[in-house]
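Beneath this line is the structure, given in C-alpha cells, with notes to follow.
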Amino acid sequence: MKIATFNVNGITSRLPRLLEWLEESRPDIACLQELKTSDATFPELAIKAAGYGAIWHGQKGFNGVAILAKDADPQERRRGLPNDPDDTHSRYLEASVHGVVVGSIYLPNGNPQPGPKFDYKLAWFKRLIDHAAQLFESHEQVVLAGDYNVVPTDAVRDIYATRSYKDDALLQPETRAAYRQLLDQGWTDAICKLHPDATMYTYWDYFRNRWARDAGLRIDHLLLNDKTVARLKEAGVDKSVRGREKPSDHAPAWIVLQ
DNA sequence: ATGCCTGTCTGGGACAGA
C-alpha cells in the first residue's frame, strides 16, 4: 500500500498537475495541503473521476487539507486539533481508510521569527504533539503525513549548503526541538530511516533559481508509529513533479507499506 | 540584504507562503 503527501499550493490552479500525478503514481492514500480553496469549491468531481474518494477541510484563500483514497471513502475521525476552539486555520484532518489511521498535516510556517506567527507555530506544534501522543498509544496503525515546515537538521539530506535560511522559522532550535519531541514519542521519520544519506528535498523556492540549483529543503514528512513502521518497505520523493509546467513549489513524498 | 516567484481574492495591489 502506497501513502503519499503533497502540498499542492492551490488545488484549483494545480488540478492538472495533481490529476496527472495521481494517474502516474496511483497512491492508495494521498494527503494534500495548501488547498487554498473553500469547502464548496473543492474539485470533488474531478478527483472522483480519477478514482478517488475524498474528504477535505478547506479555507478560502489559505491553508486547507484533504485526504484522498483510491476506490474508497475515507472515514473522517477529526478535523482540527483539540484544545483551541478559537483556531480558525484549516490545518489538520484525520481519517480511517484502508485499515490505517491517517493524519494530513499543514503545520504553520511561522515566519517571520521571532513574532506572533512563530508563537502560533510553536503553540500549534504543542497541540499536535499532545494529540500525537494519544494516537501513538492507540492500538491502530497510524501515519501522520504532511508539510511540517521543519527542516530537521543541517545535514545535506535535509538542506543544501547555505546560510540563507539561518534565521528562518523552519530551522530554528525551538522548531527542531518540537519535531524531536514528537519523534521521541516513538514515531519514525520514514524517509530519513530508509534514506539517511541521500538528498531527499521536497521543497524548492520558486525564485532565486533554486529548483535549477537543486537548492531544496526536506520539510514534508511521513511519521509512522511502531505498528506501522514494521510494514515499511519503500520511501521516496517524486522529484520530477517539481520540474513540470506550472508546478507546486513542493514535490510529493511517499511510502510503501507491505 | 532582499519574497527576486506564485496563488488567491479581486478587479490592482495586498497578503501569504518558506
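In the C-alpha cells, chains take the letters A, B, ... in the order shown, each chain's residues start at 1, and ligands count up from 1 in the order shown.
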Fill in: Selection near A:Pro74, 12 Å with only C-alpha atoms (C1' of nucleotides), sequence-local residues under 4 positions removed, as a ChimeraX atom specification
/A:28-31,52-56,66-70,78,93-104
Write the residues of the selection above to a file with N, CA and C atoms, as a CSV table (one decimal), in the first residue's frame.
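File written: again.csv
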```
chain,number,residue,atom,x,y,z
A,28,ASP,N,-2.5,4.7,-2.8
A,28,ASP,CA,-3.7,4.3,-2.2
A,28,ASP,C,-4.3,5.3,-1.3
A,29,ILE,N,-3.5,6.1,-0.7
A,29,ILE,CA,-3.9,7.3,0.1
A,29,ILE,C,-3.0,8.5,-0.2
A,30,ALA,N,-3.6,9.6,-0.4
A,30,ALA,CA,-2.9,10.9,-0.6
A,30,ALA,C,-3.4,12.0,0.3
A,31,CYS,N,-2.4,12.5,1.1
A,31,CYS,CA,-2.7,13.6,2.0
A,31,CYS,C,-2.3,14.9,1.2
A,52,TYR,N,-10.8,8.4,-7.0
A,52,TYR,CA,-10.5,8.6,-5.6
A,52,TYR,C,-11.7,9.2,-4.8
A,53,GLY,N,-12.0,8.6,-3.6
A,53,GLY,CA,-12.8,9.2,-2.7
A,53,GLY,C,-12.0,10.2,-1.9
A,54,ALA,N,-12.7,11.2,-1.3
A,54,ALA,CA,-12.0,12.3,-0.6
A,54,ALA,C,-12.8,12.9,0.5
A,55,ILE,N,-12.1,13.4,1.5
A,55,ILE,CA,-12.6,14.3,2.5
A,55,ILE,C,-11.7,15.5,2.5
A,56,TRP,N,-12.3,16.7,2.8
A,56,TRP,CA,-11.4,17.9,2.8
A,56,TRP,C,-11.9,18.9,3.9
A,66,ALA,N,-6.6,17.8,2.8
A,66,ALA,CA,-7.6,16.8,2.3
A,66,ALA,C,-6.9,15.4,2.4
A,67,ILE,N,-7.8,14.4,2.4
A,67,ILE,CA,-7.3,13.0,2.4
A,67,ILE,C,-8.0,12.3,1.2
A,68,LEU,N,-7.3,11.8,0.3
A,68,LEU,CA,-7.8,11.1,-0.9
A,68,LEU,C,-7.5,9.6,-0.7
A,69,ALA,N,-8.5,8.7,-1.2
A,69,ALA,CA,-8.2,7.3,-1.1
A,69,ALA,C,-8.7,6.6,-2.4
A,70,LYS,N,-7.9,5.8,-2.9
A,70,LYS,CA,-8.2,5.1,-4.2
A,70,LYS,C,-9.3,4.1,-3.9
A,78,ARG,N,-11.5,13.2,12.7
A,78,ARG,CA,-11.3,14.5,13.3
A,78,ARG,C,-10.9,15.6,12.3
A,93,LEU,N,-6.6,17.2,9.4
A,93,LEU,CA,-7.7,16.3,9.0
A,93,LEU,C,-7.2,14.9,9.3
A,94,GLU,N,-8.1,14.1,9.9
A,94,GLU,CA,-7.7,12.7,10.3
A,94,GLU,C,-8.8,11.7,9.9
A,95,ALA,N,-8.4,10.6,9.3
A,95,ALA,CA,-9.4,9.6,8.8
A,95,ALA,C,-8.9,8.2,9.0
A,96,SER,N,-9.8,7.3,9.0
A,96,SER,CA,-9.5,5.9,8.9
A,96,SER,C,-9.8,5.5,7.4
A,97,VAL,N,-8.8,4.8,6.8
A,97,VAL,CA,-9.0,4.3,5.4
A,97,VAL,C,-8.0,3.2,5.1
A,98,HIS,N,-8.5,2.2,4.4
A,98,HIS,CA,-7.6,1.1,4.0
A,98,HIS,C,-6.9,0.5,5.2
A,99,GLY,N,-7.6,0.5,6.4
A,99,GLY,CA,-7.0,-0.2,7.6
A,99,GLY,C,-6.0,0.6,8.4
A,100,VAL,N,-5.7,1.8,8.0
A,100,VAL,CA,-4.8,2.7,8.8
A,100,VAL,C,-5.5,4.0,9.2
A,101,VAL,N,-5.0,4.6,10.2
A,101,VAL,CA,-5.4,6.0,10.6
A,101,VAL,C,-4.4,6.9,10.0
A,102,VAL,N,-4.9,7.9,9.2
A,102,VAL,CA,-4.0,8.9,8.5
A,102,VAL,C,-4.3,10.3,9.0
A,103,GLY,N,-3.3,11.1,9.3
A,103,GLY,CA,-3.5,12.5,9.6
A,103,GLY,C,-2.8,13.3,8.5
A,104,SER,N,-3.6,14.3,7.9
A,104,SER,CA,-3.0,15.2,6.9
A,104,SER,C,-2.7,16.5,7.6
```
Pull the closest atom pair for each residue of stretch 90-111 of chain A that gets at most 10 Å from chain B, along with the distance in Å to one decimal, counting only C-alpha atoms (C1' of nucleotides), ordering rows by chain and then ascending residue number, as a Markdown table.
```
| residue | atom | partner | partner_atom | distance |
| --- | --- | --- | --- | --- |
| A:Asn109 | CA | B:DA18 | C1' | 6.7 |
| A:Gly110 | CA | B:DA18 | C1' | 8.8 |
| A:Asn111 | CA | B:DA18 | C1' | 7.6 |
```
Item to complete: Just the alpha helix (DSSP H) stuff from stretch 57-194 of chain A, please, per backbone DSSP, written as a PyMOL selection string.
Response: chain A and resi 116-137+173-183+190-194
Go ahead and save the residues from that selection, with C-alpha atoms, as a PDB file, in the first residue's frame.
```pdb
ATOM      1  CA  PRO A 116       3.309  36.165  16.798  1.00  0.00           C
ATOM      2  CA  LYS A 117       3.373  33.870  13.759  1.00  0.00           C
ATOM      3  CA  PHE A 118       6.292  31.937  15.247  1.00  0.00           C
ATOM      4  CA  ASP A 119       4.470  31.771  18.591  1.00  0.00           C
ATOM      5  CA  TYR A 120       1.431  30.352  16.776  1.00  0.00           C
ATOM      6  CA  LYS A 121       3.620  27.763  15.056  1.00  0.00           C
ATOM      7  CA  LEU A 122       5.051  26.531  18.358  1.00  0.00           C
ATOM      8  CA  ALA A 123       1.634  26.534  20.052  1.00  0.00           C
ATOM      9  CA  TRP A 124       0.091  24.573  17.170  1.00  0.00           C
ATOM     10  CA  PHE A 125       3.052  22.175  17.305  1.00  0.00           C
ATOM     11  CA  LYS A 126       2.430  21.558  21.009  1.00  0.00           C
ATOM     12  CA  ARG A 127      -1.209  20.709  20.297  1.00  0.00           C
ATOM     13  CA  LEU A 128      -0.047  18.288  17.586  1.00  0.00           C
ATOM     14  CA  ILE A 129       2.434  16.688  19.997  1.00  0.00           C
ATOM     15  CA  ASP A 130      -0.288  16.215  22.615  1.00  0.00           C
ATOM     16  CA  HIS A 131      -2.677  14.670  20.096  1.00  0.00           C
ATOM     17  CA  ALA A 132       0.046  12.507  18.547  1.00  0.00           C
ATOM     18  CA  ALA A 133       0.855  11.038  21.978  1.00  0.00           C
ATOM     19  CA  GLN A 134      -2.673   9.666  22.189  1.00  0.00           C
ATOM     20  CA  LEU A 135      -2.528   8.350  18.621  1.00  0.00           C
ATOM     21  CA  PHE A 136       0.779   6.628  19.255  1.00  0.00           C
ATOM     22  CA  GLU A 137      -0.646   4.748  22.211  1.00  0.00           C
ATOM     23  CA  PRO A 173      16.227  25.392  17.558  1.00  0.00           C
ATOM     24  CA  GLU A 174      12.718  25.636  19.043  1.00  0.00           C
ATOM     25  CA  THR A 175      11.219  24.264  15.810  1.00  0.00           C
ATOM     26  CA  ARG A 176      13.684  21.398  15.668  1.00  0.00           C
ATOM     27  CA  ALA A 177      13.230  20.645  19.352  1.00  0.00           C
ATOM     28  CA  ALA A 178       9.476  20.339  18.858  1.00  0.00           C
ATOM     29  CA  TYR A 179       9.977  17.934  15.944  1.00  0.00           C
ATOM     30  CA  ARG A 180      12.443  15.964  18.072  1.00  0.00           C
ATOM     31  CA  GLN A 181       9.933  15.874  20.928  1.00  0.00           C
ATOM     32  CA  LEU A 182       7.375  14.388  18.532  1.00  0.00           C
ATOM     33  CA  LEU A 183       9.827  11.752  17.281  1.00  0.00           C
ATOM     34  CA  ALA A 190      10.130   7.116   7.174  1.00  0.00           C
ATOM     35  CA  ILE A 191      12.174   8.906   4.515  1.00  0.00           C
ATOM     36  CA  CYS A 192      15.025   9.578   6.935  1.00  0.00           C
ATOM     37  CA  LYS A 193      15.014   5.951   8.062  1.00  0.00           C
ATOM     38  CA  LEU A 194      15.284   4.461   4.569  1.00  0.00           C
TER      39      LEU A 194
END
```
Worksheet item: Near chain B, which residues of chain A fall within 8 Å when you count only C-alpha atoms (C1' of nucleotides), and what do they look like as JSON, numbers by chain?
Response: {"A": [9, 10, 13, 36, 61, 62, 109, 111, 149, 168, 170, 205, 206, 207, 208]}
Worksheet entry | Every residue of stretch 116-212 of chain A that DSSP places in strand (DSSP E or B), as an NGL selection string | :A and (142-147 or 159 or 188-189 or 203)
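Closest approach to A:Arg17 among A:Gln59, A:Gln185, A:Ser248, A:Thr41 is made by A:Ser248 (distances from only C-alpha atoms).
If you measure from each of A:Gln172, A:Asn83, A:Thr153, A:Gln258 to A:Pro114 using only C-alpha atoms, the closest one turns out to be A:Gln172.
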Item to complete: Show which residues sit within 12 Å of A:Ala49, as a ChimeraX atom specification. Count only C-alpha atoms (C1' of nucleotides), and ignore same-chain residues fewer than 5 positions away.
Response: /A:19,22-23,43-44,54,70-71
Discussion item. For a quick check of understanding, using only C-alpha atoms, which of A:Arg231, A:Gln33, A:Gly216, A:Leu81 has the smallest distance to A:Tyr148?
Written reply: A:Gln33
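A straight line drawn from atom CA of A:Lys246 to atom CA of A:Tyr106 is 21.6 Å long.
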